[in-house]
file structure13.txt (compact mmCIF, C-alpha atoms)
# COMPACT_ATOMS: atom_id res chain seq x y z
CA MET T 1 -53.97 76.72 179.92
CA THR T 2 -54.49 80.48 179.72
CA VAL T 3 -51.62 82.89 179.20
CA LEU T 4 -52.08 84.18 182.76
CA THR T 5 -52.03 80.65 184.21
CA ARG T 6 -48.89 79.85 182.26
CA LEU T 7 -47.18 83.02 183.50
CA LEU T 8 -48.11 82.19 187.10
CA ALA T 9 -46.69 78.67 186.70
CA LEU T 10 -43.44 80.04 185.30
CA ALA T 11 -43.23 82.53 188.17
CA ALA T 12 -43.67 79.73 190.70
CA LEU T 13 -40.90 77.72 189.04
CA ALA T 14 -38.60 80.74 189.09
CA LEU T 15 -39.26 81.14 192.82
CA LEU T 16 -38.22 77.55 193.40
CA VAL T 17 -34.99 77.51 191.44
CA GLY T 18 -34.06 81.19 191.59
CA ASP T 19 -32.05 82.39 188.62
CA ALA T 20 -30.03 79.23 188.11
CA PRO T 21 -28.32 79.11 184.69
CA ALA T 22 -29.12 76.57 182.03
CA GLY T 23 -27.52 73.22 182.72
CA ALA T 24 -27.38 73.93 186.47
CA ALA T 25 -26.54 71.16 188.89
CA SER T 26 -29.70 69.60 190.32
CA TRP T 27 -30.74 69.21 193.94
CA SER T 28 -33.25 66.64 195.08
CA PRO T 29 -36.51 67.91 196.62
CA SER T 30 -36.39 68.10 200.40
CA ALA T 31 -37.50 64.91 202.17
CA PRO T 32 -37.88 63.79 205.81
CA VAL T 33 -35.20 61.98 207.79
CA PRO T 34 -36.46 58.92 209.76
CA VAL T 35 -35.26 59.65 213.30
CA GLY T 36 -36.87 60.10 216.73
CA ALA T 37 -38.89 62.98 218.10
CA GLY T 38 -37.38 66.30 219.13
CA ALA T 39 -34.39 66.07 216.80
CA SER T 40 -31.65 68.69 216.87
CA THR T 41 -30.11 70.36 213.84
CA PRO T 42 -28.31 67.45 212.10
CA SER T 43 -24.63 67.01 211.49
CA ALA T 44 -23.74 65.67 208.03
CA ALA T 45 -20.97 63.81 206.21
CA ILE T 46 -20.45 62.02 202.90
CA ALA T 47 -18.66 58.79 203.75
CA ALA T 48 -15.80 57.08 201.95
CA ASP T 49 -18.20 54.41 200.65
CA GLY T 50 -20.32 57.12 198.97
CA SER T 51 -23.08 57.02 201.59
CA ASP T 52 -24.71 60.14 203.02
CA VAL T 53 -24.55 60.10 206.82
CA LEU T 54 -26.66 62.23 209.20
CA ALA T 55 -26.48 62.38 212.99
CA VAL T 56 -28.92 64.03 215.41
CA VAL T 57 -29.64 64.29 219.11
CA ASP T 58 -33.27 63.30 219.74
CA SER T 59 -35.48 61.57 222.30
CA ASN T 60 -33.60 58.32 221.71
CA GLY T 61 -30.15 59.84 222.34
CA VAL T 62 -27.54 60.14 219.58
CA GLU T 63 -29.02 58.67 216.41
CA THR T 64 -27.50 58.25 212.96
CA THR T 65 -28.99 57.28 209.63
CA VAL T 66 -27.37 56.41 206.31
CA ARG T 67 -28.45 56.79 202.70
CA ALA T 68 -26.53 54.21 200.69
CA PRO T 69 -25.36 55.01 197.13
CA GLY T 70 -28.23 54.76 194.67
CA GLN T 71 -30.91 54.89 197.36
CA THR T 72 -33.58 57.61 197.36
CA ALA T 73 -34.17 57.69 201.12
CA PHE T 74 -32.30 57.36 204.40
CA GLY T 75 -32.49 53.99 206.11
CA PRO T 76 -33.65 53.07 209.62
CA PRO T 77 -31.86 55.02 212.35
CA GLN T 78 -29.17 53.55 214.58
CA VAL T 79 -29.04 54.57 218.25
CA VAL T 80 -25.33 55.18 218.82
CA ALA T 81 -25.62 56.45 222.41
CA PRO T 82 -28.52 56.60 224.91
CA PRO T 83 -30.23 59.81 226.03
CA PRO T 84 -28.73 61.81 228.90
CA SER T 85 -29.64 61.32 232.54
CA PRO T 86 -32.65 63.33 233.80
CA GLY T 87 -31.93 67.04 233.64
CA GLY T 88 -28.86 66.46 231.46
CA ARG T 89 -28.01 67.29 227.88
CA ILE T 90 -26.09 66.03 224.87
CA GLY T 91 -24.52 68.84 222.86
CA SER T 92 -22.00 69.88 220.22
CA LEU T 93 -22.65 66.81 218.04
CA ARG T 94 -20.24 66.74 215.11
CA LEU T 95 -19.47 64.35 212.25
CA VAL T 96 -15.98 64.40 210.78
CA GLN T 97 -14.98 62.35 207.75
CA VAL T 98 -11.51 60.83 207.54
CA PRO T 99 -10.59 60.93 203.83
CA GLY T 100 -10.98 57.45 202.36
CA ALA T 101 -11.71 55.88 205.74
CA GLU T 102 -14.08 56.06 208.72
CA THR T 103 -16.71 58.60 209.76
CA VAL T 104 -16.33 59.80 213.35
CA ALA T 105 -19.14 61.20 215.50
CA VAL T 106 -18.26 63.19 218.64
CA TRP T 107 -20.44 64.89 221.24
CA SER T 108 -20.48 66.09 224.86
CA ARG T 109 -22.70 64.63 227.60
CA ALA T 110 -23.50 66.36 230.91
CA ALA T 111 -26.03 65.94 233.72
CA PRO T 112 -26.53 67.31 237.24
CA GLY T 113 -24.22 65.58 239.71
CA GLU T 114 -22.22 63.92 236.92
CA ARG T 115 -18.88 64.80 235.44
CA GLU T 116 -19.16 65.84 231.81
CA ARG T 117 -17.99 63.31 229.24
CA ILE T 118 -16.84 63.85 225.67
CA GLU T 119 -17.80 60.74 223.74
CA TRP T 120 -17.18 59.46 220.24
CA ALA T 121 -17.90 56.53 217.94
CA GLU T 122 -16.82 55.62 214.42
CA ARG T 123 -18.40 54.03 211.37
CA PRO T 124 -16.15 52.12 208.94
CA PRO T 125 -17.02 52.33 205.23
CA GLY T 126 -20.00 50.10 204.54
CA GLY T 127 -20.62 49.39 208.22
CA ALA T 128 -22.45 50.73 211.26
CA PHE T 129 -21.26 52.93 214.11
CA GLY T 130 -19.39 50.93 216.73
CA PRO T 131 -19.13 51.24 220.52
CA VAL T 132 -18.85 54.57 222.31
CA HIS T 133 -15.40 55.72 223.46
CA GLU T 134 -14.48 58.61 225.77
CA VAL T 135 -11.98 61.41 225.30
CA PRO T 136 -9.71 61.60 228.39
CA ARG T 137 -10.42 64.42 230.83
CA THR T 138 -6.83 64.73 232.05
CA GLY T 139 -5.82 68.37 231.69
CA LEU T 140 -9.39 69.71 231.68
CA PRO T 141 -10.87 71.60 234.66
CA ASP T 142 -12.68 69.38 237.18
CA ASP T 143 -15.90 71.32 236.54
CA ALA T 144 -15.40 71.54 232.76
CA LEU T 145 -18.38 72.04 230.47
CA THR T 146 -17.79 71.92 226.72
CA ASP T 147 -19.62 74.71 224.88
CA ASP T 148 -18.28 74.01 221.38
CA ILE T 149 -16.36 71.36 219.46
CA ALA T 150 -14.52 71.92 216.18
CA ALA T 151 -13.16 68.91 214.32
CA GLY T 152 -10.97 68.06 211.34
CA ALA T 153 -9.26 64.98 209.87
CA GLY T 154 -6.26 64.26 207.68
CA ALA T 155 -5.76 61.61 205.03
CA ASN T 156 -3.19 59.96 207.33
CA GLY T 157 -6.07 59.10 209.71
CA ASP T 158 -5.47 61.75 212.37
CA VAL T 159 -8.63 63.31 213.85
CA VAL T 160 -8.17 66.61 215.69
CA LEU T 161 -10.68 68.14 218.09
CA ALA T 162 -10.65 71.69 219.44
CA LEU T 163 -12.78 72.09 222.56
CA MET T 164 -14.11 75.38 223.90
CA VAL T 165 -14.39 74.59 227.60
CA GLU T 166 -15.64 76.69 230.50
CA GLY T 167 -14.53 75.92 234.03
CA THR T 168 -12.19 76.76 236.89
CA GLN T 169 -8.65 76.93 235.57
CA SER T 170 -5.49 75.83 237.41
CA ASN T 171 -4.78 79.44 238.45
CA GLY T 172 -8.19 79.72 240.11
CA GLY T 173 -9.74 81.86 237.38
CA PHE T 174 -13.07 80.83 235.87
CA GLY T 175 -13.77 81.26 232.18
CA PHE T 176 -13.46 79.86 228.68
CA ARG T 177 -10.37 78.20 227.27
CA VAL T 178 -9.56 76.27 224.08
CA PHE T 179 -8.07 72.79 224.36
CA ALA T 180 -7.00 70.38 221.60
CA THR T 181 -6.74 66.60 221.41
CA VAL T 182 -5.64 64.21 218.64
CA ARG T 183 -6.68 60.66 217.75
CA PRO T 184 -4.10 58.93 215.53
CA ALA T 185 -5.29 56.46 212.93
CA GLY T 186 -6.78 53.41 214.63
CA GLY T 187 -6.09 54.79 218.12
CA GLU T 188 -7.70 56.73 220.95
CA PHE T 189 -7.75 60.45 221.66
CA GLY T 190 -4.90 61.74 223.81
CA ASP T 191 -5.13 64.00 226.83
CA PRO T 192 -6.48 67.44 225.87
CA ALA T 193 -3.82 70.17 225.86
CA ALA T 194 -4.54 73.84 226.54
CA VAL T 195 -3.62 75.74 223.38
CA GLY T 196 -5.39 79.03 224.17
CA GLY T 197 -5.24 81.20 227.26
CA LEU T 198 -8.11 82.12 229.57
CA GLY T 199 -10.72 83.91 227.47
CA SER T 200 -10.06 81.96 224.26
CA LEU T 201 -13.22 81.31 222.23
CA SER T 202 -14.69 80.03 218.95
CA PRO T 203 -12.08 77.49 217.76
CA SER T 204 -11.63 76.28 214.19
CA VAL T 205 -9.54 73.31 212.99
CA ALA T 206 -7.69 72.56 209.74
CA VAL T 207 -5.82 69.27 209.18
CA GLY T 208 -3.53 68.59 206.24
CA ALA T 209 -3.16 65.26 204.45
CA ASN T 210 -0.07 64.35 206.52
CA GLY T 211 -1.69 65.23 209.85
CA GLU T 212 -0.17 68.69 210.18
CA ALA T 213 -2.88 70.60 212.02
CA VAL T 214 -3.75 74.18 212.98
CA VAL T 215 -6.22 75.27 215.64
CA ALA T 216 -7.22 78.95 215.48
CA TRP T 217 -9.40 80.89 217.90
CA LEU T 218 -10.55 84.31 219.06
CA GLN T 219 -8.83 85.59 222.21
CA GLY T 220 -11.16 88.14 223.78
CA GLY T 221 -12.63 90.18 220.93
CA SER T 222 -16.24 91.06 220.14
CA THR T 223 -16.98 94.02 222.44
CA ARG T 224 -13.50 93.86 224.00
CA PRO T 225 -9.92 94.18 222.75
CA GLY T 226 -8.88 90.91 221.21
CA ALA T 227 -6.56 88.84 219.06
CA ILE T 228 -6.74 86.14 216.41
CA ARG T 229 -4.38 83.38 217.54
CA ALA T 230 -3.36 79.96 216.25
CA SER T 231 -1.30 76.95 217.24
CA ARG T 232 0.30 74.47 214.82
CA ARG T 233 0.86 70.77 215.40
CA PRO T 234 3.54 69.21 213.18
CA PRO T 235 2.80 65.70 211.89
CA GLY T 236 2.98 63.28 214.83
CA GLY T 237 4.03 66.03 217.23
CA SER T 238 2.55 68.28 219.89
CA PHE T 239 0.87 71.65 219.56
CA GLU T 240 3.33 74.53 219.53
CA ALA T 241 3.17 77.85 221.36
CA ALA T 242 0.40 80.07 220.00
CA THR T 243 1.15 82.84 217.52
CA THR T 244 -0.86 85.99 216.77
CA LEU T 245 -2.35 86.74 213.35
CA ASP T 246 -4.14 90.00 214.23
CA ARG T 247 -4.74 92.13 217.30
CA THR T 248 -6.87 95.15 218.24
CA SER T 249 -6.69 97.57 221.14
CA GLY T 250 -10.46 98.05 220.97
CA PRO T 251 -13.53 95.93 220.15
CA GLY T 252 -14.22 94.59 216.67
CA LEU T 253 -12.58 91.19 216.07
CA ALA T 254 -14.74 88.13 215.37
CA GLN T 255 -14.27 84.38 214.99
CA PRO T 256 -11.55 83.02 212.70
CA PHE T 257 -11.97 80.08 210.33
CA VAL T 258 -9.12 77.93 208.99
CA ALA T 259 -9.00 75.50 206.06
CA PRO T 260 -6.25 73.32 204.56
CA GLY T 261 -4.96 74.63 201.24
CA ALA T 262 -2.69 73.39 198.48
CA GLY T 263 0.70 71.85 199.20
CA GLY T 264 0.23 71.76 202.97
CA GLU T 265 -0.58 75.43 203.53
CA THR T 266 -3.31 76.61 205.92
CA VAL T 267 -5.57 79.58 205.11
CA ALA T 268 -7.24 81.65 207.83
CA MET T 269 -10.15 84.11 207.50
CA TRP T 270 -11.65 86.46 210.07
CA TYR T 271 -13.68 89.66 210.50
CA ARG T 272 -12.50 93.00 211.88
CA ARG T 273 -14.31 96.27 212.50
CA ASP T 274 -12.39 99.54 212.87
CA GLY T 275 -14.92 102.29 213.52
CA ARG T 276 -17.20 102.26 210.49
CA VAL T 277 -14.82 100.14 208.41
CA LYS T 278 -15.92 96.47 208.42
CA ARG T 279 -13.85 93.96 206.47
CA VAL T 280 -12.86 90.31 206.23
CA TYR T 281 -9.16 89.46 206.17
CA PHE T 282 -6.99 86.43 205.45
CA SER T 283 -3.56 85.04 206.06
CA ALA T 284 -1.82 81.90 204.78
CA ARG T 285 0.62 79.69 206.67
CA PRO T 286 3.18 78.04 204.38
CA ALA T 287 3.59 74.27 204.70
CA GLY T 288 5.87 73.37 207.62
CA ALA T 289 5.91 76.91 209.04
CA SER T 290 4.83 77.72 212.58
CA ARG T 291 3.65 81.24 211.74
CA PHE T 292 1.19 82.72 209.31
CA ALA T 293 2.38 85.21 206.69
CA ALA T 294 1.31 88.84 206.25
CA VAL T 295 -2.38 89.73 206.55
CA GLY T 296 -4.35 90.49 203.39
CA THR T 297 -7.78 92.04 202.82
CA LEU T 298 -10.57 90.02 201.21
CA GLY T 299 -13.21 92.76 201.04
CA SER T 300 -15.82 94.78 202.90
CA ALA T 301 -18.27 92.88 205.11
CA PRO T 302 -21.03 95.12 206.40
CA THR T 303 -23.09 92.35 208.05
CA ARG T 304 -20.44 90.07 209.63
CA ARG T 305 -21.70 87.00 207.75
CA TYR T 306 -18.74 85.03 206.39
CA ALA T 307 -17.47 81.47 205.89
CA LEU T 308 -14.35 79.65 204.67
CA ALA T 309 -14.38 76.35 202.79
CA GLY T 310 -11.58 73.97 201.88
CA GLY T 311 -11.54 70.95 199.55
CA GLY T 312 -9.45 67.82 199.39
CA SER T 313 -7.85 69.02 196.15
CA GLY T 314 -6.41 72.13 197.83
CA ASP T 315 -9.12 74.55 196.71
CA VAL T 316 -10.08 77.23 199.24
CA ALA T 317 -12.97 79.69 198.99
CA ALA T 318 -13.99 82.64 201.17
CA VAL T 319 -17.68 83.60 201.09
CA TRP T 320 -19.24 86.64 202.72
CA ASP T 321 -22.15 89.07 202.64
CA ASP T 322 -21.09 92.32 200.96
CA ALA T 323 -22.90 95.23 199.28
CA ASP T 324 -22.61 97.02 195.95
CA GLY T 325 -24.47 99.89 194.33
CA SER T 326 -27.61 97.80 193.96
CA GLY T 327 -27.70 96.57 197.57
CA PRO T 328 -26.62 93.41 199.46
CA VAL T 329 -24.68 90.82 197.49
CA LEU T 330 -23.19 87.45 198.43
CA VAL T 331 -19.66 87.18 197.03
CA ALA T 332 -16.89 84.58 196.90
CA ARG T 333 -13.14 84.66 196.30
CA ARG T 334 -11.47 81.45 195.19
CA ARG T 335 -7.91 80.38 196.01
CA VAL T 336 -7.02 77.80 193.39
CA PRO T 337 -3.96 75.58 194.00
CA GLY T 338 -0.80 77.36 192.88
CA HIS T 339 -2.42 80.82 192.91
CA GLY T 340 -3.55 83.48 195.35
CA PHE T 341 -7.12 84.64 195.85
CA ALA T 342 -8.90 85.59 192.63
CA ALA T 343 -11.12 88.65 192.35
CA ALA T 344 -14.48 88.53 194.10
CA ARG T 345 -17.37 87.09 192.10
CA LYS T 346 -21.06 87.50 192.92
CA LEU T 347 -23.06 84.45 193.95
CA SER T 348 -26.42 86.12 194.55
CA HIS T 349 -28.13 89.46 195.14
CA GLN T 350 -29.98 88.53 198.32
CA PRO T 351 -30.73 90.72 201.34
CA SER T 352 -30.98 89.61 204.97
CA VAL T 353 -28.47 86.75 204.92
CA ARG T 354 -28.26 84.99 208.27
CA THR T 355 -26.34 81.76 208.94
CA LEU T 356 -23.78 81.12 206.16
CA ALA T 357 -21.74 77.99 205.36
CA GLY T 358 -19.56 76.67 202.53
CA ALA T 359 -18.16 73.36 201.29
CA ILE T 360 -16.04 72.36 198.27
CA THR T 361 -16.62 69.18 196.27
CA GLY T 362 -13.91 66.94 194.88
CA ASP T 363 -14.20 68.56 191.44
CA GLY T 364 -13.55 72.00 192.94
CA THR T 365 -17.15 73.28 192.95
CA LEU T 366 -17.90 75.66 195.80
CA VAL T 367 -21.31 75.07 197.38
CA ALA T 368 -22.49 77.91 199.61
CA GLY T 369 -25.58 77.66 201.78
CA TRP T 370 -27.35 80.34 203.77
CA GLN T 371 -30.49 81.23 205.66
CA ARG T 372 -32.29 84.27 204.30
CA ALA T 373 -34.61 86.13 206.68
CA SER T 374 -38.21 86.11 205.50
CA SER T 375 -40.60 87.46 208.15
CA GLY T 376 -40.52 87.36 211.92
CA ASP T 377 -38.30 84.47 212.98
CA GLN T 378 -38.77 82.62 209.69
CA THR T 379 -36.00 82.05 207.17
CA GLU T 380 -35.53 80.37 203.81
CA LEU T 381 -32.63 78.02 202.99
CA TRP T 382 -30.73 78.69 199.76
CA VAL T 383 -27.70 77.12 198.10
CA ALA T 384 -25.51 78.35 195.27
CA GLY T 385 -22.69 76.65 193.39
CA GLN T 386 -19.61 78.11 191.76
CA ALA T 387 -17.13 76.33 189.47
CA ARG T 388 -13.38 76.95 189.67
CA SER T 389 -13.76 79.32 186.71
CA GLY T 390 -16.04 81.54 188.79
CA ARG T 391 -19.16 80.58 186.82
CA ARG T 392 -22.20 80.07 188.97
CA THR T 393 -23.53 76.54 188.54
CA GLU T 394 -26.80 76.78 190.50
CA LEU T 395 -28.99 78.91 192.75
CA VAL T 396 -31.70 76.89 194.48
CA ARG T 397 -34.12 77.46 197.35
CA LEU T 398 -34.26 74.27 199.42
CA GLN T 399 -36.65 75.43 202.14
CA PRO T 400 -39.48 77.99 201.90
CA PRO T 401 -40.08 80.31 204.86
CA ALA T 402 -40.12 78.46 208.19
CA PHE T 403 -38.46 78.65 211.59
CA PHE T 404 -35.37 76.46 211.83
CA PRO T 405 -32.33 77.26 214.02
CA GLY T 406 -29.60 76.25 211.56
CA PHE T 407 -28.52 73.73 208.95
CA ALA T 408 -25.72 71.34 208.03
CA LEU T 409 -23.85 71.42 204.71
CA THR T 410 -21.15 69.05 203.51
CA ALA T 411 -19.55 68.07 200.19
CA GLY T 412 -18.12 64.84 198.81
CA PRO T 413 -15.21 63.86 196.60
CA ASP T 414 -17.32 63.35 193.49
CA GLY T 415 -19.19 66.63 193.03
CA ARG T 416 -21.94 65.72 195.49
CA ALA T 417 -23.22 67.79 198.41
CA LEU T 418 -25.71 67.24 201.22
CA ALA T 419 -27.78 69.70 203.26
CA SER T 420 -30.00 68.98 206.26
CA TRP T 421 -32.03 71.04 208.74
CA THR T 422 -34.74 70.62 211.38
CA ILE T 423 -37.97 72.57 211.76
CA PRO T 424 -38.88 72.21 215.45
CA GLY T 425 -41.90 69.97 215.93
CA SER T 426 -41.21 67.97 212.76
CA THR T 427 -38.63 65.51 211.51
CA PRO T 428 -35.35 66.77 210.01
CA GLN T 429 -35.25 67.42 206.27
CA TRP T 430 -32.52 66.67 203.74
CA ALA T 431 -31.68 67.53 200.14
CA ALA T 432 -28.75 66.32 198.05
CA ARG T 433 -26.83 67.55 195.01

call {"tool": "encode", "arguments": {"input": "structure13.txt", "output": "structure tokens"}}
result
Amino acid sequence: MTVLTRLLALAALALLVGDAPAGAASWSPSAPVPVGAGASTPSAAIAADGSDVLAVVDSNGVETTVRAPGQTAFGPPQVVAPPPSPGGRIGSLRLVQVPGAETVAVWSRAAPGERERIEWAERPPGGAFGPVHEVPRTGLPDDALTDDIAAGAGANGDVVLALMVEGTQSNGGFGFRVFATVRPAGGEFGDPAAVGGLGSLSPSVAVGANGEAVVAWLQGGSTRPGAIRASRRPPGGSFEAATTLDRTSGPGLAQPFVAPGAGGETVAMWYRRDGRVKRVYFSARPAGASRFAAVGTLGSAPTRRYALAGGGSGDVAAVWDDADGSGPVLVARRRVPGHGFAAARKLSHQPSVRTLAGAITGDGTLVAGWQRASSGDQTELWVAGQARSGRRTELVRLQPPAFFPGFALTAGPDGRALASWTIPGSTPQWAAR
């Protein structure tokens, strides 16, 4: 091998793994997922039995596939629900993992001339997904269409859904509104309750170990005056009257995210623009409290790309696209149990960050994933890891330039993580940590 050939080989390797430090955590090469044609962006979970679980909407309907512990590939798909009626759609597919117990899939189903249904099914550890159930429609508008579903689960078995629904409200007005519904352990979902007012958007859900839950959303906002609002549900109770975390008299607020923190607290993160000042902010709700505490600043956010991740051990991490003297930089601030947010640490110097997500493993490792714009409508998929100490554990490119609308990222209790994405016209891909 010539010196030039060797240099080119080393350069190619560097392109694949970025500037990951020695001893970095490894990711498997991307591989196809065996599901039907026309698959959507997957939803992902790491089950209580250690299996990786993926769910997609494809030509066969709602399909799931499982990679058992120790296996190198996903097994044959299971059709959980049939395709929609002609002209209809299945949307907002989500997987939510109940700690130590079942995996729940939820989705909406609509078709011309049919009332929309919100359906769900569950997979016990070591088993297959069971029969399809329906979420009651009592309390929803007669013409309701669900545009988004956020989901969370507590160790007590409660599963909480927040639904962004458009339809004709009881006062005659038409628009978006956020509803919430709860499924207790081993039970069925209750009637959805309106937690947000007309014009509420972009919900996020956090559920504590004891079932204490918070739904947060954007009221108005974007190009209009708006507010960040939230409603708490005490364990076994009903959702309380909404409270306000932040408010603007002009445009500039964007979607909040919430995550369960240590000792029963809930942490919220959101974006706000005031003129040329663009920042991400946070607030924490103490355990048992109905209101969030004072608002704090996380940092500047020139591109409005941000995410919040929470782990079962109480770790919370905020990740966003910032800039320093050398250009764009992806940064993270960790909130370790018993402490506030630490100083920001750099994850990567990468321009053109698009979709951004985060997850925290059981050992406290933050795994951040993002799409980086390449050329035209093509993006790359990257992941980076960060230990509790702030040390970066890995920086890996999972997907070279291609067009794919989004990706799924989830983490498990044992330091594992799973990513999956779909390039239209081909089968979904997956990679695991």

call {"tool": "closest_residue", "arguments": {"input": "structure13.txt", "among": "T:Arg433, T:Arg232, T:Arg304, T:Arg388", "to": "Thr365 in chain T", "atoms": "only C-alpha atoms"}}
result
T:Arg388

call {"tool": "residues_near_point", "arguments": {"input": "structure13.txt", "point": "(-14.7, 88.0, 220.6)", "cutoff": "10 Å", "atoms": "all atoms listed in the file", "output": "ChimeraX atom specification"}}
result
/T:199-202,217-228,251-256

call {"tool": "residues_near_point", "arguments": {"input": "structure13.txt", "point": "(7.7, 72.8, 203.6)", "cutoff": "10 Å", "atoms": "only C-alpha atoms", "output": "JSON, numbers by chain"}}
result
{"T": [263, 264, 265, 286, 287, 288, 289]}

call {"tool": "write_last_selection", "arguments": {"input": "structure13.txt", "atoms": "C-alpha atoms", "output": "compact mmCIF listing (two decimals), in the coordinates of the input"}}
result
# COMPACT_ATOMS: atom_id res chain seq x y z
CA GLY T 263 0.70 71.85 199.20
CA GLY T 264 0.23 71.76 202.97
CA GLU T 265 -0.58 75.43 203.53
CA PRO T 286 3.18 78.04 204.38
CA ALA T 287 3.59 74.27 204.70
CA GLY T 288 5.87 73.37 207.62
CA ALA T 289 5.91 76.91 209.04

call {"tool": "residues_around", "arguments": {"input": "structure13.txt", "residues": "range 146-150 of chain T", "least_positions_apart": "3", "cutoff": "8 Å", "atoms": "all atoms listed in the file", "output": "ChimeraX atom specification"}}
result
/T:91-94,107-108,161-166,202-205

call {"tool": "residues_around", "arguments": {"input": "structure13.txt", "residues": "range 67-69 of chain T", "least_positions_apart": "3", "cutoff": "7 Å", "atoms": "all atoms listed in the file", "output": "NGL selection string"}}
result
:T and (50-53 or 73-75)

call {"tool": "write_last_selection", "arguments": {"input": "structure13.txt", "atoms": "C-alpha atoms", "output": "mmCIF file, keeping the file's coordinate frame"}}
result
data_model
loop_
_atom_site.group_PDB
_atom_site.id
_atom_site.type_symbol
_atom_site.label_atom_id
_atom_site.label_comp_id
_atom_site.auth_asym_id
_atom_site.auth_seq_id
_atom_site.Cartn_x
_atom_site.Cartn_y
_atom_site.Cartn_z
ATOM 1 C CA GLY T 50 -20.320 57.120 198.970
ATOM 2 C CA SER T 51 -23.080 57.020 201.590
ATOM 3 C CA ASP T 52 -24.710 60.140 203.020
ATOM 4 C CA VAL T 53 -24.550 60.100 206.820
ATOM 5 C CA ALA T 73 -34.170 57.690 201.120
ATOM 6 C CA PHE T 74 -32.300 57.360 204.400
ATOM 7 C CA GLY T 75 -32.490 53.990 206.110
#

call {"tool": "residues_around", "arguments": {"input": "structure13.txt", "residues": "range 181-186 of chain T", "least_positions_apart": "3", "cutoff": "12 Å", "atoms": "only C-alpha atoms", "output": "MDAnalysis selection string"}}
result
chainID T and resid 98:99 101:102 104 106 118 120:122 124 133:140 149:164 178 189:195 205 207 210:215 233:239

call {"tool": "closest_residue", "arguments": {"input": "structure13.txt", "among": "T:Pro401, T:Gly167, T:Gly299, T:Pro428", "to": "Gln378 in chain T", "atoms": "all atoms listed in the file"}}
result
T:Pro401

call {"tool": "closest_residue", "arguments": {"input": "structure13.txt", "among": "T:Ala48, T:Val79, T:Ala373, T:Ala241", "to": "Gly36 in chain T", "atoms": "only C-alpha atoms"}}
result
T:Val79

call {"tool": "residues_around", "arguments": {"input": "structure13.txt", "residues": "Asp363 in chain T", "least_positions_apart": "3", "cutoff": "12 Å", "atoms": "only C-alpha atoms", "output": "ChimeraX atom specification"}}
result
/T:311-315,336,359-360,366-367,385-389,411-417

call {"tool": "residues_around", "arguments": {"input": "structure13.txt", "residues": "Ala384 in chain T", "least_positions_apart": "6", "cutoff": "6 Å", "atoms": "all atoms listed in the file", "output": "list in words"}}
result
Val367, Ala368, Glu394 and Leu395 of chain T

call {"tool": "write_last_selection", "arguments": {"input": "structure13.txt", "atoms": "C-alpha atoms", "output": "PDB file, keeping the file's coordinate frame"}}
result
ATOM      1  CA  VAL T 367     -21.310  75.070 197.380  1.00  0.00           C
ATOM      2  CA  ALA T 368     -22.490  77.910 199.610  1.00  0.00           C
ATOM      3  CA  GLU T 394     -26.800  76.780 190.500  1.00  0.00           C
ATOM      4  CA  LEU T 395     -28.990  78.910 192.750  1.00  0.00           C
TER       5      LEU T 395
END

call {"tool": "atom_distance", "arguments": {"input": "structure13.txt", "atom1": "CA of Leu95 in chain T", "atom2": "CA of Pro42 in chain T"}}
result
9.4 Å
